[in-house]
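Asks: Handing you this structure, nothing more for now.
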Amino acid sequence: MTIRNLDALLAPRSVALVGASPEPATIGSILAAKLQSGGFEGPVRFMNPRHETIGGTPCYRTIAALPEVPDLAVIATPPATVPGIVKELGDKGTRAAVVITAGLDAAQKQAMLDAARPHCLRVQGPNCLGLMLPPLNLDASFCHRSPVAGDLAFLSQSGALITSIVDWANARSIGFSHVVSLGDMADVDFGDLLDYLAADRKSRAILLYMESVTSAPKFMSAARRAARAKPVVVIKSGRHAAGAKAARSHTGALAGSDAAYEAAFRRAGLLRVTELEDLFDAAEILSRVPPLAGERLMIVTNGGGAGVLAADRLADWNGTLAPLSDATRATLDAVLPATWSGANPVDIIGDAKPERYAATLDALLSDAAADAVLVMNCPTALADSSEAAAACLAAIERHRKTYKPKPIFTNWLGDGAAEPGRAAFRGHGIPSFETPDDAITGFMQLVGYMRAQTELMRTPPSLPDDLSFDTDGAARILRGAIADGRDMLSEAEAKDLLAAYGIPTVRTLFAASPDEAVRLAEEPLARFGAAVLKIQSKDISHKSDVGGVRLDLRTAAEVHDAARQMLETVRSRRPDARIDGFSVQGMVKRPRAHELLLGMSVDETFGPLLTFGAGGTAVEVKRDTAQALPPLDLGLAHDLIRQTRIARLLAGYRDRPAADLDAIALTLVRLSYLVSEHPEIRELDINPLIADETGVIALDARVRAVDQTREPRKPMAIRPYPSHWEASYDLTSGGKALIRPIRPDDESRYDKFFAGLDRRDIRMRFFVPMKHLSHAFVARLTQIDYAREMAFVAIDMSDGDLLGVVRFSADPDYKRGEFAVLVQSALKGQGLGWRLMQHLIAYARAEGLEELFGNVLAENTTMLAMCKELGFSITDDPGDSTVRLVRLAI
């Protein structure tokens, strides 16, 4: 992951066009004309050895002859020439290139990248429409129109969609800060650009059209960072098999499953839309509407039917109508006819004149119960729609001068009569929609973004303090199967693997013959009153499909008869299968329990993917599952459960008590740890996991594992909790502390920790006095991305209190990290800060960072002394005499 030299791509000071042409209707001539007439303030140079000038602009024969080093080069030449041109540009000192040329084969693409790499010359494309930076008056594309300047960034793998978006946006005066056609993404991809735009002040929101992701870990890290900073809306093609195949042929990249993309977008906090029209609407809304403070919508209409349609659509989205307060109802009673609706939607009757609209809006916009307002108008012969729009605009302007502005949406229905009103609203920066459905969809897009942000900042429930795993035992099971030349674990091995991570299972025994099955069934028959018999064969994955499962066997004779019959049935249905024997286990009877499926597979793009849903033999028919990317915490596990239909049944109904949802969620967390820590696992099914009010137990499991050294697994898209960096530390005051990576659930420890700090220590750490830490602030401290930052906490092993914390946040190149350390005031001088710093330095060294640095107040002599002893260099800050700069080369 790197944003190095992306400033040359997205904020260039000079541009060179390689392949400029005077030939009409060629890409070279279109680019030349746009660069000449666009108004870009920096130098624009043309290069083509066959021409002296193009359109009055001098044309240079070679790149070396250019009078200055261009920040950005635009290349529109035949494919075979591109690698050589990139090399010449790199030798010249150019730092970025837009390769518009299509048709580069794999060898040519690699040669292009090899030529760029020594110079860290960044390449956009190839096979792209180009680049448009409206605030800089730079249009280096062959789009039919240039976009207007604004604050939306649009990144797209499809050049055709860019032309459509620009055409649509220009008609509505919606502007862009960046329009980037990514093309084949040989170098610069979504992850790089999201990382750059997250900190970019010119863009208020980011729109994505995506066909595939090339580096899932980089994309996820950058997307999570960008989504915390501003709205990110994505439309992803290839949601179904035919579309995915077309996307692969278009980009040449594997697209992965749509379920994995959905899980990734949800985890990163992106707002996904499925229709191009919704992306257009999102562009309009995000460019015009202030952020929501809540989800409650007030609807005003002069047509009752239209208001009902809007309310119905809101209910389809699980939206919320705002309640009418008694005070607001009384105000409306005074200005509306007696026949008004008296509720939300507020129907002000079909003969509503402009004054009635204005009075209604004055009342509703000042009502704290409404977080947003939708104003609707149906044309009638009794009132002029344009005059109603003007009255609404006047009321909105009064509201903006008095109150914190609320998001306001309008829906002027109709065509000819409605268009002047819609145009007036758009001219004042208020989104206007043609139908109630579009208006509600637009509002719910804002709600979806707000919900995504809330999820990103949510504090998960605390994990049990005694959460531990037999990692070595699990590894032995997997190694044993692989050493035997098997990729499928036996049922007994699979259950032992789950048990090593604390997932409750039924003890399973292996019998080689019917007689041995009878002998082994004695214990489960005595304990459970009945036994379960299953066929064991490496060639049979789904035993019930071939008659290989018998339940509720109550006597030894029934076990013996079932075994003999099972052999005959399985051999007749699968004569090719090698029969190893039988598994014998107790019959767990929980008649009111739910059968669940927990699973894991490896997605071709995002790596390990967890599945939860309704289980049992009809799992494929029910098709009630949801997916999530590991790792999970308890909050994410509960969210995964809520995405399924069976979640409503698990919550309890009629006389059926709720299942132990916490136990289900904890099982998902344990499964997440198992998958994260053992890359040999490629497939895993727990089906069924039965769950009721007493807890959960896995009745059957299937695991496929391969040798990681020979067939490396696709890396996890999200870097997992690095448990191997846990360590114990003996406190000088007595007792022990656990030093471990920070977790999101550590937020609950911060209030007590902060209360134990004296004011001077707080100022030394944060440079300003602080009386309390907000949830949002602490969430950013505890919900970190292990791929770009690290924090270690010291936890008192006797009471779980937070004793100290040390952290670094790395730059996007992951070369330098800014560090900070803070310990309880009562523990200063006892070596805990020193130990935490040593732990952080060791981690940074293992990660390959080149430097740790920090800013320390000059009066913080204790910290400066520790830095000196640790080997940091200490220099004055040239911009602030009260601060010292400390650096440690690792």
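Identifiers in this document derive from the order of the structure tokens: chains are assigned A, B, ..., residues are numbered from 1 separately in each chain, and ligands are numbered from 1 in order of occurrence.
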Any idea what's packed within 6 Å of Ile739 of chain A, counting only C-alpha atoms, ignoring anything in its chain fewer than 4 positions away? Could you give it as a list in words?
Replies: Glu726, Ala727, Ser728, Val793 and Ala794 of chain A
Asks: If we count only C-alpha atoms, what is near segment 341-355 of chain A at a cut-off of 7 Å, once residues fewer than 5 positions away on the same chain are taken out, given as a list in words?
Replies: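 Listed by chain and then number, they are Met298, Ile299, Val300, Thr301, Asn302, Gly303, Gly304, Gly307, Leu321, Pro323, Leu324, Leu336, Leu382, Ala383, Glu387, Ala388 and Ala391 of chain A.
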Asks: Any chance you can output those residues with all heavy atoms as a compact mmCIF listing (two decimals), in the first residue's frame?
Replies:
# COMPACT_ATOMS: atom_id res chain seq x y z
N MET A 298 -39.95 13.45 8.27
CA MET A 298 -41.25 14.09 8.21
C MET A 298 -41.61 14.28 6.74
O MET A 298 -40.79 14.73 5.94
CB MET A 298 -41.22 15.44 8.92
CG MET A 298 -42.59 16.04 9.16
SD MET A 298 -43.51 15.18 10.48
CE MET A 298 -42.63 15.76 11.93
N ILE A 299 -42.84 13.93 6.37
CA ILE A 299 -43.30 14.02 4.98
C ILE A 299 -44.43 15.05 4.90
O ILE A 299 -45.40 14.99 5.67
CB ILE A 299 -43.80 12.67 4.46
CG1 ILE A 299 -42.66 11.63 4.51
CG2 ILE A 299 -44.34 12.79 3.04
CD1 ILE A 299 -43.10 10.22 4.17
N VAL A 300 -44.30 16.00 3.98
CA VAL A 300 -45.33 17.01 3.73
C VAL A 300 -45.82 16.83 2.30
O VAL A 300 -45.00 16.73 1.37
CB VAL A 300 -44.77 18.44 3.91
CG1 VAL A 300 -45.88 19.46 3.67
CG2 VAL A 300 -44.15 18.61 5.27
N THR A 301 -47.13 16.80 2.09
CA THR A 301 -47.66 16.57 0.75
C THR A 301 -49.01 17.26 0.58
O THR A 301 -49.74 17.46 1.56
CB THR A 301 -47.83 15.07 0.48
OG1 THR A 301 -48.38 14.86 -0.82
CG2 THR A 301 -48.73 14.42 1.52
N ASN A 302 -49.31 17.64 -0.65
CA ASN A 302 -50.65 18.13 -0.95
C ASN A 302 -51.51 17.04 -1.56
O ASN A 302 -52.65 17.30 -1.96
CB ASN A 302 -50.58 19.34 -1.87
CG ASN A 302 -50.12 18.98 -3.27
OD1 ASN A 302 -49.45 17.96 -3.47
ND2 ASN A 302 -50.45 19.81 -4.26
N GLY A 303 -50.95 15.83 -1.65
CA GLY A 303 -51.71 14.70 -2.19
C GLY A 303 -51.60 13.51 -1.26
O GLY A 303 -50.50 12.96 -1.07
N GLY A 304 -52.70 13.10 -0.65
CA GLY A 304 -52.66 12.01 0.32
C GLY A 304 -52.09 10.73 -0.24
O GLY A 304 -51.29 10.04 0.40
N GLY A 307 -48.34 10.82 -0.47
CA GLY A 307 -47.74 10.70 0.86
C GLY A 307 -47.76 9.26 1.36
O GLY A 307 -46.79 8.80 1.97
N LEU A 321 -40.78 7.05 10.37
CA LEU A 321 -41.51 8.31 10.28
C LEU A 321 -41.33 9.09 11.57
O LEU A 321 -41.37 8.52 12.67
CB LEU A 321 -42.99 8.06 10.04
CG LEU A 321 -43.43 7.68 8.63
CD1 LEU A 321 -44.90 7.27 8.63
CD2 LEU A 321 -43.20 8.84 7.66
N PRO A 323 -42.43 11.39 14.64
CA PRO A 323 -43.70 11.67 15.31
C PRO A 323 -44.00 13.17 15.32
O PRO A 323 -43.08 14.00 15.28
CB PRO A 323 -43.45 11.17 16.74
CG PRO A 323 -41.98 11.36 16.94
CD PRO A 323 -41.33 11.11 15.59
N LEU A 324 -45.26 13.50 15.32
CA LEU A 324 -45.67 14.90 15.45
C LEU A 324 -45.82 15.24 16.93
O LEU A 324 -46.59 14.60 17.65
CB LEU A 324 -47.00 15.13 14.74
CG LEU A 324 -46.97 15.48 13.25
CD1 LEU A 324 -48.40 15.61 12.74
CD2 LEU A 324 -46.21 16.76 13.00
N LEU A 336 -53.67 25.10 9.07
CA LEU A 336 -54.14 24.18 8.05
C LEU A 336 -55.65 23.99 8.14
O LEU A 336 -56.25 24.20 9.21
CB LEU A 336 -53.44 22.83 8.20
CG LEU A 336 -51.92 22.79 7.98
CD1 LEU A 336 -51.39 21.38 8.19
CD2 LEU A 336 -51.57 23.29 6.59
N LEU A 382 -55.75 24.01 -8.87
CA LEU A 382 -56.10 24.93 -7.79
C LEU A 382 -54.92 25.74 -7.29
O LEU A 382 -55.09 26.72 -6.56
CB LEU A 382 -56.70 24.14 -6.63
CG LEU A 382 -57.96 23.34 -6.96
CD1 LEU A 382 -58.36 22.47 -5.78
CD2 LEU A 382 -59.10 24.30 -7.33
N ALA A 383 -53.67 25.31 -7.62
CA ALA A 383 -52.49 26.01 -7.11
C ALA A 383 -51.34 25.79 -8.07
O ALA A 383 -51.27 24.76 -8.76
CB ALA A 383 -52.12 25.51 -5.72
N GLU A 387 -45.01 28.29 -7.82
CA GLU A 387 -45.17 29.21 -6.70
C GLU A 387 -45.02 28.48 -5.36
O GLU A 387 -44.46 29.03 -4.40
CB GLU A 387 -46.53 29.90 -6.78
CG GLU A 387 -46.65 30.85 -7.97
CD GLU A 387 -48.03 31.48 -8.05
OE1 GLU A 387 -48.89 31.16 -7.18
OE2 GLU A 387 -48.26 32.28 -8.98
N ALA A 388 -45.49 27.24 -5.31
CA ALA A 388 -45.31 26.45 -4.09
C ALA A 388 -43.83 26.20 -3.83
O ALA A 388 -43.36 26.28 -2.68
CB ALA A 388 -46.05 25.12 -4.22
N ALA A 391 -42.28 29.36 -2.40
CA ALA A 391 -42.63 29.55 -0.99
C ALA A 391 -41.83 28.61 -0.10
O ALA A 391 -41.39 28.99 1.00
CB ALA A 391 -44.13 29.31 -0.80
Asks: Extract, using only C-alpha atoms, all DNA, RNA and protein residues at most 6 Å from segment 231-234 of chain A, discarding same-chain residues fewer than 2 positions from it, and format them as a PDB file with all heavy atoms, in the first residue's frame.
Replies:
ATOM      1  N   ALA A 205     -17.035  13.504  -0.737  1.00  0.00           N
ATOM      2  CA  ALA A 205     -17.555  12.138  -0.822  1.00  0.00           C
ATOM      3  C   ALA A 205     -16.884  11.450  -1.999  1.00  0.00           C
ATOM      4  O   ALA A 205     -16.363  12.099  -2.910  1.00  0.00           O
ATOM      5  CB  ALA A 205     -19.074  12.128  -0.977  1.00  0.00           C
ATOM      6  N   ILE A 206     -16.904  10.109  -1.974  1.00  0.00           N
ATOM      7  CA  ILE A 206     -16.241   9.310  -3.001  1.00  0.00           C
ATOM      8  C   ILE A 206     -17.247   8.332  -3.589  1.00  0.00           C
ATOM      9  O   ILE A 206     -17.932   7.612  -2.852  1.00  0.00           O
ATOM     10  CB  ILE A 206     -15.045   8.531  -2.413  1.00  0.00           C
ATOM     11  CG1 ILE A 206     -14.070   9.489  -1.713  1.00  0.00           C
ATOM     12  CG2 ILE A 206     -14.329   7.743  -3.501  1.00  0.00           C
ATOM     13  CD1 ILE A 206     -12.994   8.764  -0.914  1.00  0.00           C
ATOM     14  N   LEU A 207     -17.341   8.300  -4.915  1.00  0.00           N
ATOM     15  CA  LEU A 207     -18.206   7.359  -5.623  1.00  0.00           C
ATOM     16  C   LEU A 207     -17.321   6.348  -6.350  1.00  0.00           C
ATOM     17  O   LEU A 207     -16.324   6.722  -6.967  1.00  0.00           O
ATOM     18  CB  LEU A 207     -19.093   8.085  -6.639  1.00  0.00           C
ATOM     19  CG  LEU A 207     -19.904   9.280  -6.136  1.00  0.00           C
ATOM     20  CD1 LEU A 207     -20.685   9.909  -7.286  1.00  0.00           C
ATOM     21  CD2 LEU A 207     -20.845   8.860  -5.021  1.00  0.00           C
ATOM     22  N   LEU A 208     -17.706   5.074  -6.290  1.00  0.00           N
ATOM     23  CA  LEU A 208     -16.932   4.021  -6.925  1.00  0.00           C
ATOM     24  C   LEU A 208     -17.814   3.213  -7.861  1.00  0.00           C
ATOM     25  O   LEU A 208     -18.935   2.827  -7.493  1.00  0.00           O
ATOM     26  CB  LEU A 208     -16.353   3.049  -5.880  1.00  0.00           C
ATOM     27  CG  LEU A 208     -15.564   3.609  -4.691  1.00  0.00           C
ATOM     28  CD1 LEU A 208     -15.152   2.458  -3.779  1.00  0.00           C
ATOM     29  CD2 LEU A 208     -14.361   4.383  -5.160  1.00  0.00           C
ATOM     30  N   TYR A 209     -17.320   2.970  -9.077  1.00  0.00           N
ATOM     31  CA  TYR A 209     -17.875   1.900  -9.895  1.00  0.00           C
ATOM     32  C   TYR A 209     -16.807   0.821  -9.969  1.00  0.00           C
ATOM     33  O   TYR A 209     -15.693   1.051 -10.447  1.00  0.00           O
ATOM     34  CB  TYR A 209     -18.244   2.352 -11.308  1.00  0.00           C
ATOM     35  CG  TYR A 209     -18.536   1.147 -12.186  1.00  0.00           C
ATOM     36  CD1 TYR A 209     -19.749   0.476 -12.073  1.00  0.00           C
ATOM     37  CD2 TYR A 209     -17.577   0.631 -13.053  1.00  0.00           C
ATOM     38  CE1 TYR A 209     -20.002  -0.666 -12.829  1.00  0.00           C
ATOM     39  CE2 TYR A 209     -17.826  -0.508 -13.810  1.00  0.00           C
ATOM     40  CZ  TYR A 209     -19.034  -1.143 -13.694  1.00  0.00           C
ATOM     41  OH  TYR A 209     -19.284  -2.283 -14.422  1.00  0.00           O
ATOM     42  N   ALA A 227     -13.802   5.574   4.675  1.00  0.00           N
ATOM     43  CA  ALA A 227     -15.195   5.624   5.130  1.00  0.00           C
ATOM     44  C   ALA A 227     -15.333   6.318   6.477  1.00  0.00           C
ATOM     45  O   ALA A 227     -16.409   6.843   6.792  1.00  0.00           O
ATOM     46  CB  ALA A 227     -15.772   4.211   5.202  1.00  0.00           C
ATOM     47  N   LEU A 270     -18.803   1.048   3.753  1.00  0.00           N
ATOM     48  CA  LEU A 270     -19.193   1.646   2.482  1.00  0.00           C
ATOM     49  C   LEU A 270     -20.694   1.501   2.274  1.00  0.00           C
ATOM     50  O   LEU A 270     -21.309   0.535   2.731  1.00  0.00           O
ATOM     51  CB  LEU A 270     -18.462   0.983   1.317  1.00  0.00           C
ATOM     52  CG  LEU A 270     -16.941   0.843   1.412  1.00  0.00           C
ATOM     53  CD1 LEU A 270     -16.385   0.376   0.071  1.00  0.00           C
ATOM     54  CD2 LEU A 270     -16.287   2.131   1.836  1.00  0.00           C
ATOM     55  N   LEU A 271     -21.273   2.451   1.564  1.00  0.00           N
ATOM     56  CA  LEU A 271     -22.686   2.381   1.206  1.00  0.00           C
ATOM     57  C   LEU A 271     -22.793   1.794  -0.186  1.00  0.00           C
ATOM     58  O   LEU A 271     -22.284   2.368  -1.154  1.00  0.00           O
ATOM     59  CB  LEU A 271     -23.308   3.783   1.243  1.00  0.00           C
ATOM     60  CG  LEU A 271     -24.760   3.891   0.780  1.00  0.00           C
ATOM     61  CD1 LEU A 271     -25.681   3.066   1.674  1.00  0.00           C
ATOM     62  CD2 LEU A 271     -25.204   5.349   0.756  1.00  0.00           C
ATOM     63  N   ARG A 272     -23.442   0.622  -0.289  1.00  0.00           N
ATOM     64  CA  ARG A 272     -23.562  -0.034  -1.585  1.00  0.00           C
ATOM     65  C   ARG A 272     -24.913   0.254  -2.207  1.00  0.00           C
ATOM     66  O   ARG A 272     -25.942   0.202  -1.542  1.00  0.00           O
ATOM     67  CB  ARG A 272     -23.386  -1.543  -1.438  1.00  0.00           C
ATOM     68  CG  ARG A 272     -23.420  -2.260  -2.788  1.00  0.00           C
ATOM     69  CD  ARG A 272     -23.246  -3.756  -2.680  1.00  0.00           C
ATOM     70  NE  ARG A 272     -23.065  -4.346  -3.994  1.00  0.00           N
ATOM     71  CZ  ARG A 272     -22.873  -5.635  -4.221  1.00  0.00           C
ATOM     72  NH1 ARG A 272     -22.824  -6.492  -3.202  1.00  0.00           N
ATOM     73  NH2 ARG A 272     -22.705  -6.088  -5.447  1.00  0.00           N
TER      74      ARG A 272
END
Asks: Between A:Thr782, A:Thr380, A:Thr2, A:Ser257, which has the minimum distance to Gly607 of chain A (counting only C-alpha atoms)?
Replies: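 Checking each candidate against Gly607 of chain A, we get A:Ser257 as the closest.
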Asks: How close does each residue of segment 711-776 of chain A get to segment 819-823 of chain A, giving the shortest atom pair and distance in Å to one decimal for every residue with an atom at most 9 Å away, counting only C-alpha atoms, sorted by chain and residue number, as a Markdown table?
Replies:
| residue | atom | partner | partner_atom | distance |
| --- | --- | --- | --- | --- |
| A:Phe753 | CA | A:Val823 | CA | 8.7 |
| A:Leu757 | CA | A:Val823 | CA | 8.1 |
| A:Asp761 | CA | A:Leu822 | CA | 8.0 |
| A:Ile762 | CA | A:Leu822 | CA | 8.6 |
| A:Arg765 | CA | A:Leu822 | CA | 6.8 |
Asks: Compile the contact shell of segment 37-54 of chain A as a ChimeraX atom specification: residues with an atom at most 7 Å away, counting only C-alpha atoms, same-chain residues fewer than 4 positions apart removed.
Replies: /A:13-22,33,58-63,136-139
Asks: For the residues selected in the previous step, produce a file with C-alpha atoms as a compact mmCIF listing (two decimals), in the first residue's frame.
Replies:
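Ended up saving to again.txt:
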# COMPACT_ATOMS: atom_id res chain seq x y z
CA ARG A 13 1.96 21.15 -11.69
CA SER A 14 3.01 20.24 -15.23
CA VAL A 15 1.79 17.79 -17.87
CA ALA A 16 3.24 16.18 -20.98
CA LEU A 17 1.17 14.41 -23.63
CA VAL A 18 3.09 11.61 -25.32
CA GLY A 19 1.33 10.73 -28.56
CA ALA A 20 -0.20 14.10 -29.33
CA SER A 21 -1.62 14.16 -32.84
CA PRO A 22 -3.10 16.63 -35.31
CA ALA A 33 -7.28 19.87 -27.82
CA PRO A 58 5.40 23.17 -29.97
CA CYS A 59 5.91 19.43 -30.26
CA TYR A 60 9.09 17.81 -28.96
CA ARG A 61 10.72 14.88 -30.69
CA THR A 62 11.90 13.08 -27.53
CA ILE A 63 11.04 13.00 -23.86
CA LEU A 136 -7.20 22.35 -11.69
CA ASN A 137 -8.92 22.80 -15.08
CA LEU A 138 -7.16 19.64 -16.20
CA ASP A 139 -8.95 17.25 -18.55
Asks: Rounded to one decimal in Å, what is the spacing between atom CA of Lys202 of chain A and atom CA of Phe176 of chain A?
Replies: 9.2 Å
Asks: Quick one: residues within 9 Å of Thr320 of chain A, only C-alpha atoms counted, chain neighbours fewer than 6 positions away excluded, as a list in words?
Replies: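 Skipping anything fewer than 6 positions along the chain leaves Glu295, Arg296, Leu297, Ala311 and Leu314 of chain A.
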Asks: Select from segment 794-842 of chain A everything DSSP, run on the backbone, classes as strand (DSSP E or B), then give the selection as an NGL selection string.
Replies: :A and (794-796 or 802-810 or 816-823)
Asks: From the options A:Ala593, A:Val619, A:Ala32, A:Ile165, which residue's atoms come nearest to Glu284 of chain A, counting only C-alpha atoms?
Replies: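 The closest residue to Glu284 of chain A is A:Ile165.
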Asks: Near Leu888 of chain A, counting only C-alpha atoms, which residues have an atom at most 8 Å away, once you skip same-chain residues fewer than 2 positions from it, shown as a PyMOL selection string?
Replies: chain A and resi 851-853+871-873+886+890
Asks: Taking 6 positions as the minimum chain separation for residues in the same chain, which residues sit within 12 Å of Asn127 of chain A when counting only C-alpha atoms? Answer as a list in words.
Replies: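 Close residues of Asn127 of chain A: Ile75, Ala76, Thr77, Pro78, Pro79, Val82, Val98, Val99, Ile100, Thr101, Ala102, Gly103, Leu104, Asp105, Lys109, Ser141, Gln157, Ser158, Gly159, Ser181, Leu182, Gly183, Asp184, Met185, Ala186, His250, Thr251 and Gly252 of chain A.
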Asks: Once DSSP has gone over the backbone, tell me which residues of segment 312-489 of chain A are in helix (DSSP H, G or I), as a PyMOL selection string.
Replies: chain A and resi 312-316+326-335+354-365+385-402+419-427+436-456+471-483
Asks: One decimal, Å: what's the distance from atom CA of Asp470 of chain A over to atom CA of Val703 of chain A, could you say?
Replies: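 A separation of 17.4 Å between them.
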